[in-house]
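Working notes for the structure below.
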Amino acid sequence: MEEEKLVKNLKQGDIEAREFLVVHTQSYLFNVIFQVVRDRALAEDILEETFLKAFKYIKSFKGESRLLTWLYRIAMNIAKEELKKEKRVELTKIPQDENIPAEFTLDEKKKIIWEGLSHLSTEDREIITLIDIQGLPYDDVSYVLGIPEGTVKSRIARARDRLREEILKNNFFDKINGTF
Amino acid sequence: MMKEKITEYIDKNLSKEEVEELLKDNPEALEYYHQILAMKETLTDMQLRSPDVSSKVVEKARRPFVFRYRYVLVTISVALIVSILFIKNYRENLALKEPEVTLKTAPVPPGGESYMDATQQIDVEIKKSDEETVSTVLEEYGDIILIEEGENEDSRHPPEEPPKPTKIIHYSIKPENIQKVMEELQKIEGAKVTFPEHLPYSSEERIEIIINLFEK
């Protein structure tokens, strides 16, 4: 479905258009949200909230950005608000096992990367998720984050470098076949 | 700079030729390249399967819509009921605009008859010499509202008789005192009390007694 037509139908409250939007964007949004908040249940709640907000405010969408970018920004705003709340609560908590997903527990490499990511800032995790996990090209990321492409390049390089340092501590590269 | 170039190369934003020189004579750069590449390969495989929230979200999005209309329906219903009640009440009030008179059967005075008539006035004739006794009774149970003094032209006296000085007292009492006042007045010798057949009065209105004190 063309984006323009999709937006038009969404503005009319068309149920099929809503379903279409959710089905085609939920995976991308969930992964980004999840890597930012690192809690599956919370990520799912934020994902739902993102779509509900999108449906509610779709009439204010002027088409100045792509629909996905708009959704992404809604999702990130909610996620960052949630993180602020979480931080306030976390201050009184003992650090936990960071809610490691079951899919990663059996894979040592993924487990190390997951743990390494937890030491990165939200912004670093965000850009790594967009480029490395979601596979978005720089221009899309520039569009989504609203930053110049040059900044995307330098930011991803820095984020990867930090992650590399973190996973080095857990001998990630020793566990990979071959030598460097 | 080296790290950025390697990163860009891994992301296919630089050609092989552009980094070939850098990697060829620089084992550190080559190692870095392999490390970032391995890291990226693992990351690429770290996409989680998203829960399907489509039906849940679409249903939730519909609910406020349904609630909104339900709310409108309830509001209209309440407004309708209130309007009906208001109109009904207004009509009843219109019907009640004429003063409601609660009719009660007044007690029958001693020697008197049962009275319920369209007047609230009782005429009493008493001799002038009993004025003092009358005044004592009147002061105890009610209020004197007017005293008329003059020549008697009352139709109750025969026209052939010469006019006599008269005194008429307009007296007001509360309904509950009527029996007592009547009893007291009738005790006076020669007192003549004219009761209407029926005496209507409301419990809130006062009754007027006109006492005609005449010369014997």
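Labeling convention for the structure tokens: chains A, B, ... as they appear, residues from 1 per chain, ligands from 1 in order of appearance.
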>> Within 7 Å of chain B, which residues belong to chain A? Use only C-alpha atoms and report them as number ranges by chain.
In response: A: 15, 18-19, 22-23, 26-27, 30-31, 48, 51-52, 110, 132-133, 154, 157, 173, 180
Give me the residues within 12 Å of B:Lys187 as a JSON list (two decimals) with C-alpha atoms, in the first residue's frame, counting only C-alpha atoms and dropping any in the same chain fewer than 4 places off.
[["chain", "number", "residue", "atom", "x", "y", "z"],
["B", 109, "PRO", "CA", -70.05, 25.51, 68.01],
["B", 110, "PRO", "CA", -72.29, 24.80, 70.94],
["B", 111, "GLY", "CA", -75.87, 25.33, 69.87],
["B", 126, "ILE", "CA", -73.96, 41.56, 71.23],
["B", 130, "ASP", "CA", -71.31, 43.59, 77.26],
["B", 133, "THR", "CA", -66.64, 41.10, 78.37],
["B", 134, "VAL", "CA", -66.34, 40.87, 74.58],
["B", 137, "VAL", "CA", -62.41, 37.41, 74.99],
["B", 180, "LYS", "CA", -63.10, 28.66, 71.93],
["B", 181, "VAL", "CA", -64.06, 32.19, 70.86],
["B", 182, "MET", "CA", -67.53, 31.09, 69.83],
["B", 183, "GLU", "CA", -68.05, 29.31, 73.12],
["B", 191, "ALA", "CA", -75.54, 37.21, 72.08],
["B", 192, "LYS", "CA", -76.67, 36.37, 68.61],
["B", 193, "VAL", "CA", -74.21, 34.49, 66.45]]
> Can you tell me how far atom CA of B:Thr136 sits from atom CA of B:Leu185, in Å to one decimal?
Replying inline: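 Distance reported for this atom pair: 10.3 Å.
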>> My list of candidates is A:Lys80, A:Gly116, A:Val32, A:Ile147. Which is closest to A:Ile131 when distances are computed with only C-alpha atoms?
In response: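 Closest residue, counting only C-alpha atoms: A:Val32.
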>> For stretch 158-167 of chain A, find every residue with an atom within 6 Å (counting only C-alpha atoms), except residues of its own chain fewer than 3 positions away, and show them as number ranges by chain.
In response: A: 116, 124, 155, 170, 172
